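Trainee: Mind looking over this structure? Questions follow.
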Amino acid sequence: MKDFQLAWRNIWRNKRRTLITAASVFFAIFFALVMRSFQLGAYDRLFKNVIESYSGYLQLQHKDYSDEPVLDNSFVVDQYMLEQLKKDPNVRSVVPRLESFALAAAGSRTQGTIVMGIDPERENEVSDIIKRLVKFKLSPEVNEALKKEPIPDRTKKLIDVIGSESYASIGRMMLDLGISLEDTSSVLPIFRRQASFSNYYFNNTDTQCVIIGDGLSDYLKISVGDTLVLMGQGYHGTTAAGKYVVKGIVKLPTPDIDNIIVYIPINSARELYAAPGMATSAVFSLKSNSDKDVLLTAGRLKQIVSDPLVLKPWRELNALLVNQMEADSRSGMIMIGILYLVIAFGVFGTVLMMMAERRREFGMLISIGMQKRKLAKVVSLEILLLGFVGIIAGVIASLPVVIYGNIHPIRFTGEMARMYEDYGFEPVMPTLLPGIFYLWQIIVVLIILVIAITFSVRKIFRIKVISALRA
Amino acid sequence: MKVIEIKEVYKIYNETEIEVHAVNGVTLDFQEAEFATIVGPSGSGKTTLLNLLGGLDLPTSGQILIDGVDLSKLKSSALIDFRMKNIGFVFQAYNLIPVLTAKENVEFIMSLQKWIKKERDQRTFELLKSVGLSERANSRPAKMSGGQQQRIAVARALASRPKFVLADEPTANLDSKSATTLLEIMGKLNHEEKITFIFSTHDPRVVKMAHRVITLEDGKVVSDEVRE
Ligand SMILES: Nc1ncnc2c1ncn2[C@@H]1O[C@H](COP(=O)(O)OP(=O)(O)OP(=O)(O)O)[C@@H](O)[C@H]1O
Ligand SMILES: [Mg+2]
């Protein structure tokens, strides 16, 4: 008789108890996996969104820039080095930015602004400013016209509540107006006709023009075609001043930025700030953005980049977000931890009962000549089998849920959806497909099993045959 | 030929304040192929003596030699191996491994001893036939009567041809008919296999079937008579 066979038969001696124990392991594993998959999937999506809409996966900066983001901590874009960087197999292109401050004035109003010099063409490889251009604008006049159109009554009421608003995404506007996904296609042409807002992204040859935040345009009371003056301090204390035509208006999710942002072609920015050929950062557009490839690429590029320049991967560029995510992840892990604690007690209870019930049998087995070692092996196998039945069932059961959740992600509604749309993200939460986190859940259960095994093995080695037989 | 020598053996329990002399200076020999019973009133030390003989417990003083080997000189795992190779056990109840069939139970010790399958099968077949349970080979213990279970236990105890078999009140839980059948089977196997049997009992009908009757009182041998 093989030990394994003996163990397998033993666990089915008390079918009900075995099933309950295995089921508890099953549910723990199942819930932990599914929950984790949703949680990690949400983070994954969030980071993708943030990184791909602004920071990029890897940046080149002056080493002091992250501590003190000012123009004086900028660097001259060395064309030779740029060529070298681009030779890396994972680098598609390197997109420079020149960021500083200026006072913006139009008419009688002025506002302190962030001036972001971008490469009109290549910037689109690393961020999505172009997608944020305002596409629809509601205003009292537009609203009156809309109300005469065949749109749902509910929407007509909502239009009045909203008054004036700009939208960069159709989805966001439809959410605000209470129009369902199904109705969108029929209503959209009406909005296209009545509420479209025409503005443009930069041309390659554009100079002396800007794209500004919707909040800033409201405050300065300027729109497309109007002029704005930027005044500030240039590189090493020079005076910076220039006059620019507004070419486009973007709607950014964070009002703090929307109210003060001015995009400008990088060459115009360099001219304004008397910083020819300079940049405050350069964003890498990479072919593969996986964590591993980003780090490997950074490692390779380190050879080319020399002091005072440094490479900053996305984790460093978004430290605040990373921290928040880690705190959130910890709270999720604590919940799972509690779940596992409960399961551990369940497994322990079963093992304890099993050991107590079979004391006499163990006494008999040792009496007739079964070594304690062998007995311990059989009992360990039993506990492992008990756990594995649960683990395997849990993993298998989680797969369809996780895979389905990845292909057909949960779609948010209400506030959550608005928030996502504001940030320019599709309001969906796909699950993360099985990966390392699966392994971790399995390891945790294995640890519980190992503790239970250690306990029973010790107990077996301490058995006194005589007293066990009398039990 | 002497199989077991017991020399001046004492077993004193002092778990409580009062010392209990469970075995109080016993000296005895057992020969090859004996069929002996140990009798005596409750508490006279029968179980204690059998446990000492089986190496399940160690004497407070004195020596127990089995084929010349002093049990108290063996380390615990060596003692387990020694039991596996030399001693067969039949307990009062719960003898069998519940998840194994009758056949697998009989085979169990042979498997521990790593007998090859063919010899194992043959021996199991032969023993199941001897105890009259060939047709129950594939039944699990729970499906068998108490008497049948004890017969399987006897078959298992004998399977690997030990030097002797110890049975502490093997018939205690059986009705008299089953008890007699079990004893007849034990007697027959003792005769056929030339293996020493030592069993304790309270049942006078069982006592009658033994060839040697050792009577204990307060841990001492008060009589030792050989019949026929
Ligand atoms: N582990 C122990 N601790 C203390 N005293 C014990 C222990 N085992 C047995 N005894 C005592 O030793 C004496 C002999 O007990 P033992 O079980 O050997 O008697 P027995 O002849 O088998 O009795 P029975 O016919 O009732 O089975 C008894 O007084 C008993 O109380
Ligand atoms: Mg007794």
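Going through the structure tokens in order, the chains are called A, B, and so on, while each chain numbers its residues from 1 and the ligands are numbered from 1 in the order shown.
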Per DSSP on the backbone, filter stretch 142-216 of chain A down to the residues in helix (DSSP H, G or I) and report them as a JSON list (two decimals) with C-alpha atoms, in the first residue's frame.
Mentor:
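So states20.json came out as:
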```
[["chain", "number", "residue", "atom", "x", "y", "z"],
["A", 142, "VAL", "CA", -26.43, 76.68, -27.26],
["A", 143, "ASN", "CA", -28.77, 75.31, -24.61],
["A", 144, "GLU", "CA", -31.74, 77.26, -25.96],
["A", 145, "ALA", "CA", -31.09, 75.87, -29.43],
["A", 146, "LEU", "CA", -30.73, 72.35, -28.07],
["A", 147, "LYS", "CA", -34.03, 72.51, -26.25],
["A", 153, "ASP", "CA", -36.92, 65.68, -21.54],
["A", 154, "ARG", "CA", -34.61, 64.57, -18.82],
["A", 155, "THR", "CA", -31.66, 65.91, -20.82],
["A", 156, "LYS", "CA", -33.42, 69.23, -21.38],
["A", 157, "LYS", "CA", -33.77, 69.65, -17.63],
["A", 158, "LEU", "CA", -30.17, 68.66, -17.04],
["A", 159, "ILE", "CA", -28.95, 71.17, -19.61],
["A", 160, "ASP", "CA", -30.47, 73.96, -17.55],
["A", 161, "VAL", "CA", -28.89, 72.66, -14.40],
["A", 162, "ILE", "CA", -25.48, 72.49, -16.04],
["A", 170, "ILE", "CA", -18.50, 62.39, -25.69],
["A", 171, "GLY", "CA", -18.83, 59.80, -22.95],
["A", 172, "ARG", "CA", -18.46, 62.39, -20.21],
["A", 173, "MET", "CA", -21.00, 64.68, -21.78],
["A", 174, "MET", "CA", -23.51, 61.86, -22.20],
["A", 175, "LEU", "CA", -23.10, 60.91, -18.55],
["A", 176, "ASP", "CA", -23.79, 64.49, -17.46],
["A", 181, "LEU", "CA", -25.08, 54.34, -24.15],
["A", 182, "GLU", "CA", -27.84, 53.07, -26.44],
["A", 183, "ASP", "CA", -29.33, 56.54, -27.00],
["A", 184, "THR", "CA", -25.97, 58.17, -27.63],
["A", 185, "SER", "CA", -25.83, 57.39, -31.34],
["A", 186, "SER", "CA", -29.23, 58.95, -32.04],
["A", 187, "VAL", "CA", -28.63, 62.10, -29.98],
["A", 188, "LEU", "CA", -25.03, 62.66, -30.97],
["A", 189, "PRO", "CA", -25.70, 64.20, -34.42],
["A", 190, "ILE", "CA", -27.85, 66.87, -32.75],
["A", 191, "PHE", "CA", -25.08, 67.80, -30.37],
["A", 192, "ARG", "CA", -22.58, 67.73, -33.23],
["A", 193, "ARG", "CA", -24.73, 70.25, -35.05],
["A", 194, "GLN", "CA", -25.56, 72.53, -32.13],
["A", 195, "ALA", "CA", -22.81, 72.26, -29.56],
["A", 214, "ASP", "CA", -10.65, 75.55, -20.29],
["A", 215, "GLY", "CA", -10.54, 77.05, -16.80],
["A", 216, "LEU", "CA", -7.89, 79.53, -17.84]]
```
Trainee: Could you tell me, counting only C-alpha atoms and all ligand atoms, which protein and nucleic acid residues lie no more than 8 Å from ligand 2, written as JSON, numbers by chain?
Mentor: {"B": [42, 43, 45, 46, 47, 48, 168, 169, 200]}
Trainee: What residues in stretch 180-292 of chain A get the DSSP label strand (DSSP E)? Please answer as a ChimeraX atom specification.
Mentor: /A:209-213,227-233,239-250,261-265,278-279,281-286
Trainee: At a cut-off of 10 Å around ligand 1, and using only C-alpha atoms and all ligand atoms, what residues come up? Please write them as a ChimeraX atom specification.
Mentor: /A:466-467,470 /B:11-16,18-23,38-52,57,168-169,172,200-202,216-219
Trainee: Distance cut-off 10 Å, counting only C-alpha atoms - which residues of chain B neighbour chain A? Return them as an MDAnalysis selection string.
Mentor: chainID B and resid 48 51 54:57 76:91 93:100 104:105 107:109 111:113 156:157
Trainee: What does the file look like for those residues with N, CA, C and O atoms, as a compact mmCIF listing (two decimals), in the first residue's frame?
Mentor:
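result-v1.txt, freshly written:
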```
# COMPACT_ATOMS: atom_id res chain seq x y z
N THR B 48 -0.16 -5.16 31.73
CA THR B 48 1.17 -4.57 31.94
C THR B 48 2.25 -5.55 31.50
O THR B 48 3.20 -5.18 30.79
N ASN B 51 2.38 -5.85 27.72
CA ASN B 51 2.99 -4.65 27.14
C ASN B 51 4.51 -4.69 27.27
O ASN B 51 5.23 -4.29 26.35
N GLY B 54 5.86 -7.05 24.77
CA GLY B 54 5.79 -6.53 23.40
C GLY B 54 6.69 -5.32 23.18
O GLY B 54 6.71 -4.75 22.09
N GLY B 55 7.41 -4.91 24.21
CA GLY B 55 8.30 -3.75 24.03
C GLY B 55 7.50 -2.47 23.88
O GLY B 55 8.00 -1.47 23.36
N LEU B 56 6.23 -2.48 24.30
CA LEU B 56 5.44 -1.25 24.23
C LEU B 56 5.74 -0.39 25.45
O LEU B 56 5.48 0.80 25.46
N ASP B 57 6.26 -1.03 26.48
CA ASP B 57 6.58 -0.33 27.72
C ASP B 57 7.87 -0.96 28.23
O ASP B 57 8.22 -2.07 27.83
N SER B 76 14.30 3.87 20.47
CA SER B 76 12.87 3.76 20.20
C SER B 76 12.54 3.36 18.77
O SER B 76 11.66 2.55 18.54
N SER B 77 13.28 3.91 17.78
CA SER B 77 12.91 3.52 16.42
C SER B 77 13.38 2.10 16.10
O SER B 77 12.73 1.37 15.36
N ALA B 78 14.49 1.69 16.74
CA ALA B 78 14.96 0.31 16.55
C ALA B 78 13.97 -0.65 17.20
O ALA B 78 13.71 -1.74 16.69
N LEU B 79 13.37 -0.20 18.30
CA LEU B 79 12.39 -1.02 19.00
C LEU B 79 11.15 -1.21 18.12
O LEU B 79 10.59 -2.31 18.05
N ILE B 80 10.74 -0.15 17.43
CA ILE B 80 9.59 -0.26 16.53
C ILE B 80 9.89 -1.27 15.42
O ILE B 80 9.08 -2.15 15.11
N ASP B 81 11.09 -1.18 14.87
CA ASP B 81 11.49 -2.14 13.83
C ASP B 81 11.54 -3.56 14.38
O ASP B 81 11.13 -4.51 13.70
N PHE B 82 12.04 -3.65 15.59
CA PHE B 82 12.13 -4.98 16.22
C PHE B 82 10.74 -5.60 16.36
O PHE B 82 10.53 -6.76 16.06
N ARG B 83 9.78 -4.77 16.78
CA ARG B 83 8.40 -5.25 16.91
C ARG B 83 7.86 -5.70 15.56
O ARG B 83 7.23 -6.73 15.42
N MET B 84 8.14 -4.85 14.54
CA MET B 84 7.62 -5.16 13.21
C MET B 84 8.12 -6.54 12.75
O MET B 84 7.38 -7.30 12.14
N LYS B 85 9.39 -6.84 13.06
CA LYS B 85 9.98 -8.08 12.54
C LYS B 85 9.68 -9.30 13.40
O LYS B 85 9.65 -10.41 12.90
N ASN B 86 9.49 -9.07 14.72
CA ASN B 86 9.47 -10.23 15.60
C ASN B 86 8.18 -10.50 16.36
O ASN B 86 7.99 -11.58 16.86
N ILE B 87 7.33 -9.47 16.48
CA ILE B 87 6.17 -9.65 17.35
C ILE B 87 4.87 -9.34 16.61
O ILE B 87 4.76 -8.33 15.92
N GLY B 88 3.90 -10.24 16.77
CA GLY B 88 2.58 -9.97 16.22
C GLY B 88 1.67 -9.51 17.35
O GLY B 88 1.80 -9.97 18.48
N PHE B 89 0.77 -8.55 17.03
CA PHE B 89 -0.13 -8.06 18.09
C PHE B 89 -1.59 -8.24 17.70
O PHE B 89 -1.97 -7.98 16.56
N VAL B 90 -2.38 -8.67 18.69
CA VAL B 90 -3.83 -8.64 18.52
C VAL B 90 -4.39 -7.91 19.73
O VAL B 90 -4.14 -8.32 20.86
N PHE B 91 -5.05 -6.79 19.47
CA PHE B 91 -5.61 -6.05 20.61
C PHE B 91 -7.06 -6.42 20.80
O PHE B 91 -7.67 -7.13 20.00
N ALA B 93 -9.62 -4.49 20.63
CA ALA B 93 -10.48 -3.90 19.59
C ALA B 93 -9.66 -2.91 18.78
O ALA B 93 -8.52 -2.64 19.11
N TYR B 94 -10.28 -2.36 17.77
CA TYR B 94 -9.62 -1.37 16.90
C TYR B 94 -8.26 -1.85 16.43
O TYR B 94 -7.28 -1.14 16.49
N ASN B 95 -8.23 -3.06 15.96
CA ASN B 95 -6.99 -3.65 15.49
C ASN B 95 -6.64 -3.24 14.08
O ASN B 95 -5.49 -3.19 13.71
N LEU B 96 -7.70 -3.00 13.31
CA LEU B 96 -7.49 -2.89 11.86
C LEU B 96 -7.48 -1.44 11.41
O LEU B 96 -8.01 -0.56 12.09
N ILE B 97 -6.85 -1.24 10.25
CA ILE B 97 -6.83 0.10 9.68
C ILE B 97 -8.14 0.25 8.90
O ILE B 97 -8.40 -0.49 7.96
N PRO B 98 -8.97 1.19 9.34
CA PRO B 98 -10.34 1.24 8.80
C PRO B 98 -10.43 1.48 7.30
O PRO B 98 -11.40 1.07 6.67
N VAL B 99 -9.42 2.16 6.72
CA VAL B 99 -9.55 2.48 5.29
C VAL B 99 -8.98 1.38 4.39
O VAL B 99 -9.00 1.50 3.17
N LEU B 100 -8.45 0.32 5.02
CA LEU B 100 -7.91 -0.76 4.20
C LEU B 100 -8.86 -1.96 4.21
O LEU B 100 -9.58 -2.19 5.18
N GLU B 104 -5.79 -5.99 2.47
CA GLU B 104 -4.74 -4.99 2.64
C GLU B 104 -4.27 -4.90 4.09
O GLU B 104 -3.08 -4.67 4.35
N ASN B 105 -5.18 -5.12 5.03
CA ASN B 105 -4.79 -5.14 6.43
C ASN B 105 -3.83 -6.29 6.71
O ASN B 105 -2.84 -6.11 7.41
N GLU B 107 -1.92 -7.70 4.63
CA GLU B 107 -0.67 -7.45 3.91
C GLU B 107 0.20 -6.38 4.56
O GLU B 107 1.38 -6.25 4.25
N PHE B 108 -0.43 -5.55 5.42
CA PHE B 108 0.19 -4.31 5.85
C PHE B 108 1.64 -4.46 6.36
O PHE B 108 2.54 -3.77 5.91
N ILE B 109 1.83 -5.42 7.28
CA ILE B 109 3.17 -5.56 7.85
C ILE B 109 4.15 -6.13 6.83
O ILE B 109 5.31 -5.73 6.77
N SER B 111 4.04 -5.41 3.77
CA SER B 111 4.43 -4.24 2.96
C SER B 111 5.50 -3.44 3.69
O SER B 111 6.47 -3.00 3.09
N LEU B 112 5.29 -3.24 5.01
CA LEU B 112 6.30 -2.50 5.78
C LEU B 112 7.64 -3.21 5.67
O LEU B 112 8.70 -2.59 5.60
N GLN B 113 7.58 -4.55 5.62
CA GLN B 113 8.82 -5.33 5.52
C GLN B 113 9.30 -5.47 4.08
O GLN B 113 10.28 -6.13 3.82
N ARG B 156 -3.29 -10.91 10.35
CA ARG B 156 -2.27 -9.88 10.17
C ARG B 156 -1.08 -10.12 11.11
O ARG B 156 0.08 -9.99 10.72
N ALA B 157 -1.39 -10.47 12.36
CA ALA B 157 -0.33 -10.66 13.35
C ALA B 157 0.62 -11.77 12.90
O ALA B 157 1.82 -11.70 13.16
```
Trainee: Which of these residues is nearest to A:Val246, using only C-alpha atoms: A:Asn199, A:Ile266, A:Phe284, A:Tyr57?
Mentor: A:Asn199
Trainee: With distances taken over only C-alpha atoms, which of B:Ser160, B:Thr101, B:Ser178, B:Gln63 is nearest to B:Leu28?
Mentor: B:Gln63
Trainee: Closest to A:Val283 among A:Gln39, A:Asn204, A:Asn49, A:Ser55, using only C-alpha atoms?
Mentor: A:Ser55
Trainee: Work out how far atom CA of B:Phe30 is from atom CA of B:Pro59, in Å to one decimal.
Mentor: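 Going from atom CA of B:Pro59 over to atom CA of B:Phe30, I get 17.7 Å.
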Trainee: Just give me the gap between atom CA of B:His211 and atom CA of B:Lys163 in Å, one decimal is fine.
Mentor: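 Between these atoms lies a distance of 17.8 Å.
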